[in-house]
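One file, protein-v9.cif, is given below (mmCIF, C-alpha atoms).
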data_my_file
loop_
_atom_site.label_atom_id
_atom_site.label_comp_id
_atom_site.auth_asym_id
_atom_site.auth_seq_id
_atom_site.Cartn_x
_atom_site.Cartn_y
_atom_site.Cartn_z
CA MET Y 1 0.00 0.00 0.00
CA THR Y 2 1.32 3.46 -0.82
CA PRO Y 3 2.12 5.34 2.40
CA THR Y 4 0.50 8.65 3.21
CA ASP Y 5 2.36 11.74 4.36
CA SER Y 6 1.62 11.89 8.07
CA ARG Y 7 2.86 13.00 11.45
CA ARG Y 8 1.86 10.94 14.48
CA SER Y 9 3.02 12.07 17.92
CA VAL Y 10 2.98 10.16 21.19
CA VAL Y 11 2.05 12.99 23.60
CA PRO Y 12 -1.60 13.88 23.03
CA PRO Y 13 -2.62 17.50 22.38
CA TYR Y 14 -4.83 17.55 25.49
CA LEU Y 15 -1.81 16.92 27.71
CA LEU Y 16 0.33 19.46 25.88
CA HIS Y 17 -2.45 22.04 26.33
CA ALA Y 18 -2.46 21.36 30.08
CA VAL Y 19 1.32 21.73 30.29
CA ALA Y 20 1.22 24.90 28.19
CA GLN Y 21 -1.05 26.53 30.75
CA ALA Y 22 0.97 25.42 33.79
CA ALA Y 23 2.50 28.48 35.43
CA GLU Y 24 4.13 26.15 37.96
CA PHE Y 25 6.28 24.74 35.12
CA PRO Y 26 7.41 27.79 33.13
CA ARG Y 27 10.06 26.02 31.07
CA ALA Y 28 7.72 23.13 30.32
CA ALA Y 29 4.87 25.52 29.47
CA SER Y 30 7.00 27.26 26.88
CA ALA Y 31 8.18 23.92 25.48
CA ALA Y 32 4.61 22.60 25.28
CA ARG Y 33 3.44 25.65 23.37
CA THR Y 34 6.23 25.05 20.87
CA ALA Y 35 5.32 21.37 20.60
CA LEU Y 36 1.67 22.24 19.96
CA ALA Y 37 2.66 24.64 17.20
CA SER Y 38 4.91 22.01 15.65
CA LEU Y 39 2.00 19.63 15.23
CA GLU Y 40 0.85 21.97 12.46
CA LEU Y 41 4.18 23.08 11.03
CA VAL Y 42 7.56 21.34 11.15
CA GLN Y 43 10.49 22.15 8.92
CA SER Y 44 10.59 18.83 7.12
CA PRO Y 45 10.10 17.84 3.50
CA LYS Y 46 6.45 17.78 2.43
CA HIS Y 47 7.08 14.79 0.21
CA GLN Y 48 8.98 11.93 1.81
CA HIS Y 49 11.30 9.90 -0.41
CA LEU Y 50 11.69 6.37 0.91
CA VAL Y 51 15.15 4.85 0.61
CA ALA Y 52 15.29 1.58 -1.32
CA PRO Y 53 16.23 -1.37 0.93
CA ARG Y 54 19.49 -3.20 0.45
CA ARG Y 55 19.15 -6.53 -1.30
CA VAL Y 56 21.41 -9.53 -0.90
CA SER Y 57 21.44 -12.21 -3.64
CA GLY Y 58 18.12 -10.92 -4.95
CA THR Y 59 16.40 -11.01 -1.56
CA VAL Y 60 15.63 -8.31 0.98
CA ASP Y 61 18.35 -7.90 3.61
CA ARG Y 62 16.69 -8.99 6.87
CA SER Y 63 19.14 -7.13 9.11
CA PRO Y 64 18.23 -3.71 10.51
CA GLN Y 65 19.44 -0.66 8.60
CA ARG Y 66 19.60 2.12 11.18
CA THR Y 67 20.77 5.70 10.83
CA ILE Y 68 20.64 8.21 13.68
CA ALA Y 69 20.95 11.93 12.98
CA ASP Y 70 21.37 14.84 15.39
CA ALA Y 71 19.28 17.97 14.78
CA GLY Y 72 21.47 19.87 17.25
CA GLY Y 73 18.54 21.67 18.86
CA THR Y 74 17.14 22.88 15.54
CA THR Y 75 13.86 21.88 13.90
CA THR Y 76 15.43 21.16 10.53
CA LEU Y 77 15.38 17.53 9.45
CA PRO Y 78 17.12 15.19 9.08
CA GLY Y 79 20.15 16.69 10.89
CA THR Y 80 23.73 15.44 10.88
CA ILE Y 81 24.24 11.66 10.80
CA VAL Y 82 26.07 10.62 13.97
CA ARG Y 83 25.58 6.85 14.04
CA SER Y 84 25.00 4.34 11.26
CA GLU Y 85 24.32 0.60 11.26
CA GLY Y 86 27.08 -1.32 12.99
CA ASP Y 87 28.73 1.73 14.58
CA PRO Y 88 29.65 1.51 18.29
CA ASP Y 89 27.94 3.49 21.05
CA THR Y 90 28.57 7.20 20.85
CA GLY Y 91 28.20 8.07 24.52
CA ASP Y 92 25.24 10.32 23.70
CA ALA Y 93 22.33 8.70 25.57
CA ALA Y 94 19.67 9.87 23.13
CA VAL Y 95 21.60 8.64 20.10
CA ASP Y 96 22.35 5.25 21.63
CA GLU Y 97 18.85 4.74 23.06
CA ALA Y 98 17.31 5.57 19.68
CA TYR Y 99 19.67 3.14 17.94
CA ALA Y 100 18.90 0.36 20.42
CA GLY Y 101 15.17 1.06 20.32
CA LEU Y 102 15.03 0.88 16.54
CA GLY Y 103 16.91 -2.41 16.73
CA ALA Y 104 14.58 -3.87 19.35
CA THR Y 105 11.55 -2.87 17.30
CA HIS Y 106 13.02 -4.37 14.13
CA ALA Y 107 13.76 -7.59 16.02
CA PHE Y 108 10.19 -7.80 17.33
CA TRP Y 109 8.56 -7.53 13.91
CA LEU Y 110 11.03 -9.93 12.32
CA ASP Y 111 11.09 -12.56 15.07
CA VAL Y 112 7.38 -12.53 15.91
CA PHE Y 113 5.68 -11.92 12.57
CA GLY Y 114 8.45 -12.45 10.02
CA ARG Y 115 8.08 -8.85 8.89
CA VAL Y 116 11.30 -7.28 7.63
CA SER Y 117 11.16 -3.72 8.96
CA ILE Y 118 7.98 -1.71 9.16
CA ASP Y 119 7.09 -1.96 5.48
CA GLY Y 120 7.81 -5.69 5.27
CA ALA Y 121 10.49 -5.08 2.63
CA GLY Y 122 13.52 -3.93 4.61
CA LEU Y 123 12.79 -0.20 4.88
CA PRO Y 124 15.79 1.56 6.50
CA LEU Y 125 14.98 2.84 10.00
CA ASP Y 126 15.99 6.48 10.31
CA ALA Y 127 15.72 8.68 13.38
CA THR Y 128 16.60 12.20 14.45
CA VAL Y 129 17.39 13.10 18.07
CA HIS Y 130 17.89 16.43 19.87
CA PHE Y 131 15.08 17.93 17.82
CA GLY Y 132 14.23 21.49 18.84
CA GLN Y 133 14.80 23.17 22.18
CA ASP Y 134 13.23 21.23 25.08
CA TYR Y 135 10.92 19.61 22.52
CA ASP Y 136 8.13 17.79 24.34
CA ASN Y 137 7.26 14.98 21.96
CA ALA Y 138 8.35 12.14 19.71
CA TYR Y 139 6.73 11.49 16.37
CA TRP Y 140 6.74 9.46 13.17
CA ASP Y 141 6.59 11.74 10.12
CA GLY Y 142 5.92 9.17 7.44
CA SER Y 143 9.55 8.19 6.92
CA ARG Y 144 11.55 8.75 10.11
CA MET Y 145 11.36 8.91 13.89
CA VAL Y 146 11.92 12.29 15.54
CA PHE Y 147 12.73 12.64 19.26
CA GLY Y 148 12.70 15.68 21.50
CA ASP Y 149 14.81 15.99 24.63
CA GLY Y 150 11.91 17.00 26.87
CA ASP Y 151 11.91 20.04 29.15
CA ASP Y 152 13.21 18.39 32.37
CA GLU Y 153 10.32 19.88 34.34
CA VAL Y 154 7.47 17.68 33.13
CA PHE Y 155 9.05 15.41 30.52
CA ARG Y 156 12.36 13.59 30.32
CA ARG Y 157 13.99 12.77 26.97
CA PHE Y 158 11.73 10.73 24.74
CA THR Y 159 14.27 8.09 23.76
CA ILE Y 160 14.17 6.48 27.21
CA ALA Y 161 10.87 4.65 26.66
CA LEU Y 162 11.13 1.65 24.32
CA ASP Y 163 7.35 1.40 24.05
CA VAL Y 164 7.28 4.97 22.70
CA ILE Y 165 9.73 4.00 19.96
CA GLY Y 166 7.67 0.89 19.25
CA HIS Y 167 4.47 2.98 19.27
CA GLU Y 168 5.75 5.45 16.71
CA LEU Y 169 7.19 2.83 14.37
CA ALA Y 170 3.89 0.94 14.61
CA HIS Y 171 2.29 3.99 13.02
CA GLY Y 172 4.57 3.19 10.10
CA VAL Y 173 3.38 -0.42 10.07
CA THR Y 174 -0.24 0.75 10.03
CA GLN Y 175 0.66 3.19 7.26
CA TYR Y 176 1.87 0.29 5.12
CA THR Y 177 -1.03 -2.06 5.96
CA ALA Y 178 -4.55 -0.87 6.83
CA ASP Y 179 -3.60 2.84 6.57
CA LEU Y 180 -6.39 3.69 9.01
CA THR Y 181 -7.87 7.15 8.54
CA TYR Y 182 -6.67 9.42 11.32
CA GLN Y 183 -10.10 10.69 12.38
CA GLY Y 184 -12.76 9.56 14.81
CA GLN Y 185 -12.97 5.86 15.67
CA SER Y 186 -10.64 4.72 12.88
CA GLY Y 187 -8.11 7.30 14.13
CA ALA Y 188 -8.51 6.05 17.70
CA LEU Y 189 -7.89 2.52 16.40
CA ASN Y 190 -4.78 3.86 14.64
CA GLU Y 191 -3.51 5.20 17.98
CA SER Y 192 -4.56 2.08 19.87
CA ILE Y 193 -2.77 -0.26 17.46
CA SER Y 194 0.39 1.77 18.04
CA ASP Y 195 -0.05 1.43 21.80
CA VAL Y 196 -0.72 -2.30 21.44
CA PHE Y 197 2.37 -3.03 19.38
CA GLY Y 198 4.50 -0.48 21.23
CA SER Y 199 3.70 -2.31 24.45
CA LEU Y 200 4.40 -5.66 22.79
CA VAL Y 201 7.79 -4.46 21.55
CA ALA Y 202 8.74 -3.60 25.14
CA GLN Y 203 7.27 -6.84 26.52
CA TYR Y 204 9.11 -8.93 23.92
CA ALA Y 205 12.41 -7.21 24.60
CA ALA Y 206 11.99 -7.82 28.35
CA GLY Y 207 10.63 -11.36 27.96
CA GLN Y 208 7.53 -10.42 29.97
CA THR Y 209 4.30 -12.37 30.24
CA THR Y 210 0.92 -10.65 30.35
CA GLU Y 211 1.06 -10.82 34.15
CA GLN Y 212 4.53 -9.29 34.36
CA ALA Y 213 3.90 -6.40 31.95
CA SER Y 214 3.01 -2.96 33.33
CA TRP Y 215 0.66 -2.17 30.41
CA LEU Y 216 1.73 1.46 30.70
CA ILE Y 217 2.59 3.60 27.67
CA GLY Y 218 5.43 6.06 28.17
CA GLU Y 219 6.39 4.86 31.63
CA GLY Y 220 9.28 6.94 32.95
CA LEU Y 221 8.70 9.95 30.68
CA PHE Y 222 7.32 12.09 33.50
CA THR Y 223 9.77 13.71 35.89
CA ASP Y 224 9.36 13.23 39.64
CA ALA Y 225 7.49 16.56 39.77
CA VAL Y 226 4.45 14.98 38.10
CA HIS Y 227 1.94 12.81 39.92
CA GLY Y 228 1.68 10.06 37.38
CA ASP Y 229 3.19 6.87 36.04
CA ALA Y 230 2.85 7.22 32.28
CA LEU Y 231 1.00 8.84 29.39
CA ARG Y 232 -1.61 6.06 29.21
CA SER Y 233 -2.61 2.82 30.90
CA MET Y 234 -4.00 -0.10 28.94
CA ARG Y 235 -4.82 -1.96 32.14
CA ALA Y 236 -6.90 0.90 33.51
CA PRO Y 237 -7.42 3.78 31.07
CA GLY Y 238 -7.96 7.04 32.93
CA THR Y 239 -5.49 6.25 35.73
CA ALA Y 240 -2.07 6.90 34.13
CA TYR Y 241 -1.72 10.26 35.84
CA ASP Y 242 -3.65 12.47 38.23
CA ASP Y 243 -1.72 15.67 38.84
CA PRO Y 244 -2.92 18.81 40.65
CA VAL Y 245 -1.47 20.99 37.90
CA LEU Y 246 -1.86 18.90 34.74
CA GLY Y 247 -5.16 17.28 35.63
CA LYS Y 248 -6.30 13.69 35.31
CA ASP Y 249 -5.83 11.19 32.51
CA PRO Y 250 -9.06 11.59 30.45
CA GLN Y 251 -9.05 8.24 28.65
CA PRO Y 252 -12.26 6.19 28.89
CA ALA Y 253 -12.09 2.43 29.39
CA THR Y 254 -15.55 1.65 27.99
CA MET Y 255 -18.03 3.00 25.46
CA ALA Y 256 -20.17 4.30 28.34
CA ASP Y 257 -17.63 7.12 28.67
CA PHE Y 258 -16.83 7.61 24.96
CA VAL Y 259 -15.81 11.23 24.41
CA VAL Y 260 -17.51 13.15 21.60
CA THR Y 261 -15.23 16.00 20.52
CA THR Y 262 -13.88 17.78 17.48
CA ASP Y 263 -10.47 18.23 19.14
CA ASP Y 264 -7.53 15.97 18.30
CA ALA Y 265 -9.11 14.64 15.08
CA GLY Y 266 -12.18 13.54 17.00
CA GLY Y 267 -10.44 12.41 20.17
CA VAL Y 268 -8.07 9.86 18.66
CA HIS Y 269 -5.71 9.91 21.67
CA THR Y 270 -8.62 9.90 24.13
CA ASN Y 271 -10.98 7.22 22.85
CA SER Y 272 -8.09 4.90 22.00
CA GLY Y 273 -8.37 3.89 25.64
CA ILE Y 274 -11.39 1.73 24.75
CA PRO Y 275 -9.74 -0.60 22.20
CA ASN Y 276 -6.58 -0.47 24.33
CA HIS Y 277 -8.52 -1.87 27.25
CA ALA Y 278 -10.15 -4.50 25.04
CA PHE Y 279 -6.71 -5.69 23.99
CA PHE Y 280 -5.50 -5.81 27.59
CA LEU Y 281 -8.55 -7.85 28.64
CA ALA Y 282 -8.13 -10.29 25.77
CA ALA Y 283 -4.38 -10.62 26.28
CA THR Y 284 -4.57 -11.24 30.01
CA ALA Y 285 -7.48 -13.67 29.67
CA ILE Y 286 -5.41 -15.69 27.17
CA GLY Y 287 -2.27 -15.31 29.29
CA GLY Y 288 1.31 -16.25 28.49
CA TYR Y 289 3.17 -13.99 26.08
CA ALA Y 290 0.78 -11.43 24.63
CA TRP Y 291 2.45 -11.39 21.22
CA GLN Y 292 1.61 -15.08 20.80
CA GLY Y 293 -2.06 -14.67 21.74
CA ALA Y 294 -3.97 -11.42 21.39
CA GLY Y 295 -1.06 -9.80 19.58
CA ALA Y 296 -1.21 -12.42 16.83
CA VAL Y 297 -4.95 -11.87 16.52
CA TRP Y 298 -4.57 -8.09 16.24
CA TRP Y 299 -1.84 -8.59 13.62
CA ASP Y 300 -4.08 -10.87 11.59
CA ALA Y 301 -6.82 -8.25 11.80
CA LEU Y 302 -4.57 -5.34 10.84
CA THR Y 303 -3.47 -7.16 7.71
CA SER Y 304 -6.93 -8.47 6.82
CA ASP Y 305 -8.71 -7.25 3.70
CA ALA Y 306 -11.79 -6.90 5.91
CA VAL Y 307 -10.26 -3.86 7.64
CA THR Y 308 -11.09 -0.74 5.66
CA ALA Y 309 -9.38 2.60 6.21
CA SER Y 310 -12.49 4.09 7.86
CA ILE Y 311 -13.46 1.06 9.98
CA ASP Y 312 -15.05 1.77 13.38
CA PHE Y 313 -14.62 0.01 16.72
CA ALA Y 314 -17.43 -2.48 16.12
CA GLY Y 315 -16.12 -3.33 12.67
CA PHE Y 316 -12.59 -3.90 13.94
CA ALA Y 317 -13.90 -5.94 16.87
CA ALA Y 318 -15.72 -8.23 14.44
CA VAL Y 319 -12.54 -8.72 12.39
CA THR Y 320 -10.50 -9.60 15.49
CA ILE Y 321 -13.12 -12.13 16.57
CA ASP Y 322 -13.06 -13.76 13.15
CA ALA Y 323 -9.24 -13.71 13.22
CA ALA Y 324 -9.17 -15.38 16.64
CA GLY Y 325 -11.50 -18.09 15.40
CA SER Y 326 -9.42 -18.66 12.28
CA ARG Y 327 -6.09 -18.77 14.11
CA PHE Y 328 -7.07 -20.65 17.28
CA GLY Y 329 -10.35 -22.31 16.37
CA ALA Y 330 -14.00 -21.39 16.79
CA GLY Y 331 -14.99 -21.65 20.44
CA SER Y 332 -11.37 -21.79 21.60
CA ALA Y 333 -10.29 -20.00 24.76
CA GLU Y 334 -8.62 -17.34 22.62
CA HIS Y 335 -11.75 -16.86 20.51
CA THR Y 336 -13.89 -16.49 23.62
CA ALA Y 337 -11.41 -14.12 25.27
CA VAL Y 338 -11.51 -11.72 22.32
CA GLN Y 339 -15.32 -11.78 22.19
CA ASP Y 340 -15.61 -11.20 25.93
CA ALA Y 341 -13.11 -8.33 25.84
CA TRP Y 342 -15.07 -6.34 23.26
CA ARG Y 343 -18.30 -6.99 25.13
CA THR Y 344 -16.78 -5.88 28.43
CA VAL Y 345 -15.75 -2.51 26.99
CA GLY Y 346 -19.19 -2.06 25.47
CA VAL Y 347 -18.19 -2.09 21.81
CA LEU Y 348 -20.27 -5.25 21.26
CA VAL Y 349 -23.38 -6.31 23.16
#
Reformat the file's structure so that it appears as structure tokens.
Amino acid sequence: MTPTDSRRSVVPPYLLHAVAQAAEFPRAASAARTALASLELVQSPKHQHLVAPRRVSGTVDRSPQRTIADAGGTTTLPGTIVRSEGDPDTGDAAVDEAYAGLGATHAFWLDVFGRVSIDGAGLPLDATVHFGQDYDNAYWDGSRMVFGDGDDEVFRRFTIALDVIGHELAHGVTQYTADLTYQGQSGALNESISDVFGSLVAQYAAGQTTEQASWLIGEGLFTDAVHGDALRSMRAPGTAYDDPVLGKDPQPATMADFVVTTDDAGGVHTNSGIPNHAFFLAATAIGGYAWQGAGAVWWDALTSDAVTASIDFAGFAAVTIDAAGSRFGAGSAEHTAVQDAWRTVGVLV
């Protein structure tokens, strides 16, 4: 599928708005205002040119092809290349964390689903670090990862969280598969799928079972000044943070609390809590390693012809149920777990 030009960021606009208004965090407030503005205008090419993958003996090279560039505090991309595939650690934490995170994500897709890079054909994985001054976000722009350093009042550097790297690169996977429209329920599914596979990347790298996983997205990004654990919780949407200055995590866990809004492309970062919770419920009911159970079902669904770009929650739920039946058998524990999960969150009755 031909990719679309897109920019998908991990910190939701509603949180950036809260930080931007926080007089208690003046440096962070300034940084958040800049990050909000950058969601509309970033100095990057309008038309992304994808680099052809290396081929060995007529086949796609299955090894990662990573390049890390340093923007040096500017907002001009790509920046100066500071580490290429096979180079040793540089001693710059952001550079080395980005390099390792891209590698861990590549390994997940290859080992678990046999997918060679995010496009399935060996797409080089490029990233830029030290983007902007105190930049409070990380995003996928359609061809590369971009990481800010955070403001050190509210956010730490964005390369520290492997699930964030996995989340953003999963936007690339979605771009090359279902290409879900970034609006309303299909947009919330787009965000949720990135949370699902971002969490699975981190779980796979750590060898964690469903019981051992935290199910938090962006754990460790907040500084100690913030009352919160992460950006989002798949286990309990709406509980990731509750801060006297920044407010409370607004994500709903069920359709009973679905948020109707025109902000953030129809609440894509908010209502993603509902399919996130459905995945958590299915994964934990199945147990074991989530990438072998619910993760495999979600992957089958994402790559199914039955998933249209504008699919809604109920439509996607139906595809996952069919996928669970096909992969594990009708009436199997996995099939039942997926059905029960969507019913519990109120997407299906």
Next item on the list: Would you mind listing what lies within 9 Å of stretch 178-185 of chain Y as a PyMOL selection string, with only C-alpha atoms counted and same-chain residues fewer than 3 positions away left out?
Entry: chain Y and resi 1-4+171-175+188-191+261-262+264-268+271-272+302-305+307-313
Using the chain letters and numbers from the file, which residues does the PyMOL selection byres ((chain Y and resi 112) around 12) grab, as an mmCIF file with C-alpha atoms, in the coordinates of the input?
data_model
loop_
_atom_site.group_PDB
_atom_site.id
_atom_site.type_symbol
_atom_site.label_atom_id
_atom_site.label_comp_id
_atom_site.auth_asym_id
_atom_site.auth_seq_id
_atom_site.Cartn_x
_atom_site.Cartn_y
_atom_site.Cartn_z
ATOM 1 C CA ALA Y 104 14.580 -3.870 19.350
ATOM 2 C CA THR Y 105 11.550 -2.870 17.300
ATOM 3 C CA HIS Y 106 13.020 -4.370 14.130
ATOM 4 C CA ALA Y 107 13.760 -7.590 16.020
ATOM 5 C CA PHE Y 108 10.190 -7.800 17.330
ATOM 6 C CA TRP Y 109 8.560 -7.530 13.910
ATOM 7 C CA LEU Y 110 11.030 -9.930 12.320
ATOM 8 C CA ASP Y 111 11.090 -12.560 15.070
ATOM 9 C CA PHE Y 113 5.680 -11.920 12.570
ATOM 10 C CA GLY Y 114 8.450 -12.450 10.020
ATOM 11 C CA ARG Y 115 8.080 -8.850 8.890
ATOM 12 C CA VAL Y 116 11.300 -7.280 7.630
ATOM 13 C CA SER Y 117 11.160 -3.720 8.960
ATOM 14 C CA PHE Y 197 2.370 -3.030 19.380
ATOM 15 C CA LEU Y 200 4.400 -5.660 22.790
ATOM 16 C CA VAL Y 201 7.790 -4.460 21.550
ATOM 17 C CA TYR Y 204 9.110 -8.930 23.920
ATOM 18 C CA ALA Y 205 12.410 -7.210 24.600
ATOM 19 C CA TYR Y 289 3.170 -13.990 26.080
ATOM 20 C CA ALA Y 290 0.780 -11.430 24.630
ATOM 21 C CA TRP Y 291 2.450 -11.390 21.220
ATOM 22 C CA GLN Y 292 1.610 -15.080 20.800
ATOM 23 C CA GLY Y 293 -2.060 -14.670 21.740
ATOM 24 C CA GLY Y 295 -1.060 -9.800 19.580
ATOM 25 C CA ALA Y 296 -1.210 -12.420 16.830
ATOM 26 C CA TRP Y 299 -1.840 -8.590 13.620
#
Margin query: Could you tell me, as a PyMOL selection string, exactly which residues end up selected when the PyMOL selection byres ((chain Y and resi 314) around 12) is applied to this structure?
Written below: chain Y and resi 185-186+189+255+274-275+278+307+310-313+315-321+339+342-343+345-349
Checklist line | Coordinates-based distance that separates atom CA of Y:Leu216 from atom CA of Y:Phe147 (Å, one decimal) | finding: 19.4 Å
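Taking atom CA of Y:Ala20 and atom CA of Y:Gly79 as the two end points, the separation is 26.9 Å.
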Note to self: Could you check the closest approach to Y:Glu334 for each of Y:Ala71, Y:Leu169, Y:Ala294, Y:Ala301 and tell me which residue wins, using all atoms listed in the file?
What the structure shows: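 The closest residue to Y:Glu334 is Y:Ala294.
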Next item on the list: Run the PyMOL selection byres ((chain Y and resi 83-96) around 6) on the file and write out the hits as a PyMOL selection string.
Entry: chain Y and resi 65-68+81-82+97-99+159
Next item on the list: Pick out the closest residue to Y:His17 from this set: Y:Gly166, Y:Gly142, Y:Gly150, Y:Gly247. Count only C-alpha atoms.
Entry: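 Of Y:Gly166, Y:Gly142, Y:Gly150, Y:Gly247, the one nearest Y:His17, counting only C-alpha atoms, is Y:Gly247.
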Next item on the list: Grab the atom CA of Y:Phe158 to atom CA of Y:Ala37 distance for me, in Å with one decimal place.
Entry: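 Atom CA of Y:Ala37 lies 18.2 Å from atom CA of Y:Phe158.
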Would you list the contacts of Y:Ala324 as a PDB file with C-alpha atoms, in the coordinates of the input, taking every protein, DNA or RNA residue within 8 Å and counting only C-alpha atoms, but skipping same-chain residues closer than 5 positions in sequence?
ATOM      1  CA  VAL Y 297      -4.950 -11.870  16.520  1.00  0.00           C
ATOM      2  CA  GLY Y 329     -10.350 -22.310  16.370  1.00  0.00           C
ATOM      3  CA  ALA Y 330     -14.000 -21.390  16.790  1.00  0.00           C
ATOM      4  CA  GLU Y 334      -8.620 -17.340  22.620  1.00  0.00           C
ATOM      5  CA  HIS Y 335     -11.750 -16.860  20.510  1.00  0.00           C
ATOM      6  CA  VAL Y 338     -11.510 -11.720  22.320  1.00  0.00           C
TER       7      VAL Y 338
END
Notebook entry, point to check: Using only C-alpha atoms, which of Y:Ile160, Y:Ala22, Y:Ala282, Y:Ala127 sits nearest Y:Asp70?
Noted result: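 The closest residue to Y:Asp70 is Y:Ala127.
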Item checked: Given only C-alpha atoms as the counted atoms, nearest of Y:Ala230, Y:Ala240, Y:Ala31, Y:Ala213 to Y:Gly132 ->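 For Y:Gly132, the nearest of the given residues is Y:Ala31.
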Would you pick out the contacts of Y:Asp249 at 7 Å or less, using all atoms listed in the file, so that residues sharing its chain but fewer than 4 positions from it are not included, and give the list as a compact mmCIF listing (two decimals) with C-alpha atoms, in the frame of the given file?
# COMPACT_ATOMS: atom_id res chain seq x y z
CA GLY Y 238 -7.96 7.04 32.93
CA THR Y 239 -5.49 6.25 35.73
CA ALA Y 240 -2.07 6.90 34.13
CA TYR Y 241 -1.72 10.26 35.84
CA ASP Y 242 -3.65 12.47 38.23
Checklist line | Counting all atoms listed in the file, the residue of Y:Asp136, Y:Asp126, Y:Asp163, Y:Glu153 that sits nearest Y:Glu24 | finding: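 Once distances to Y:Glu24 are computed over all atoms listed in the file, the minimum belongs to Y:Glu153.
Comparing the minimum interatomic distances between Y:Ala138 and each of Y:Leu246, Y:Val11, Y:Val154, Y:Ser233, counting all atoms listed in the file, we find that Y:Val11 sits nearest.
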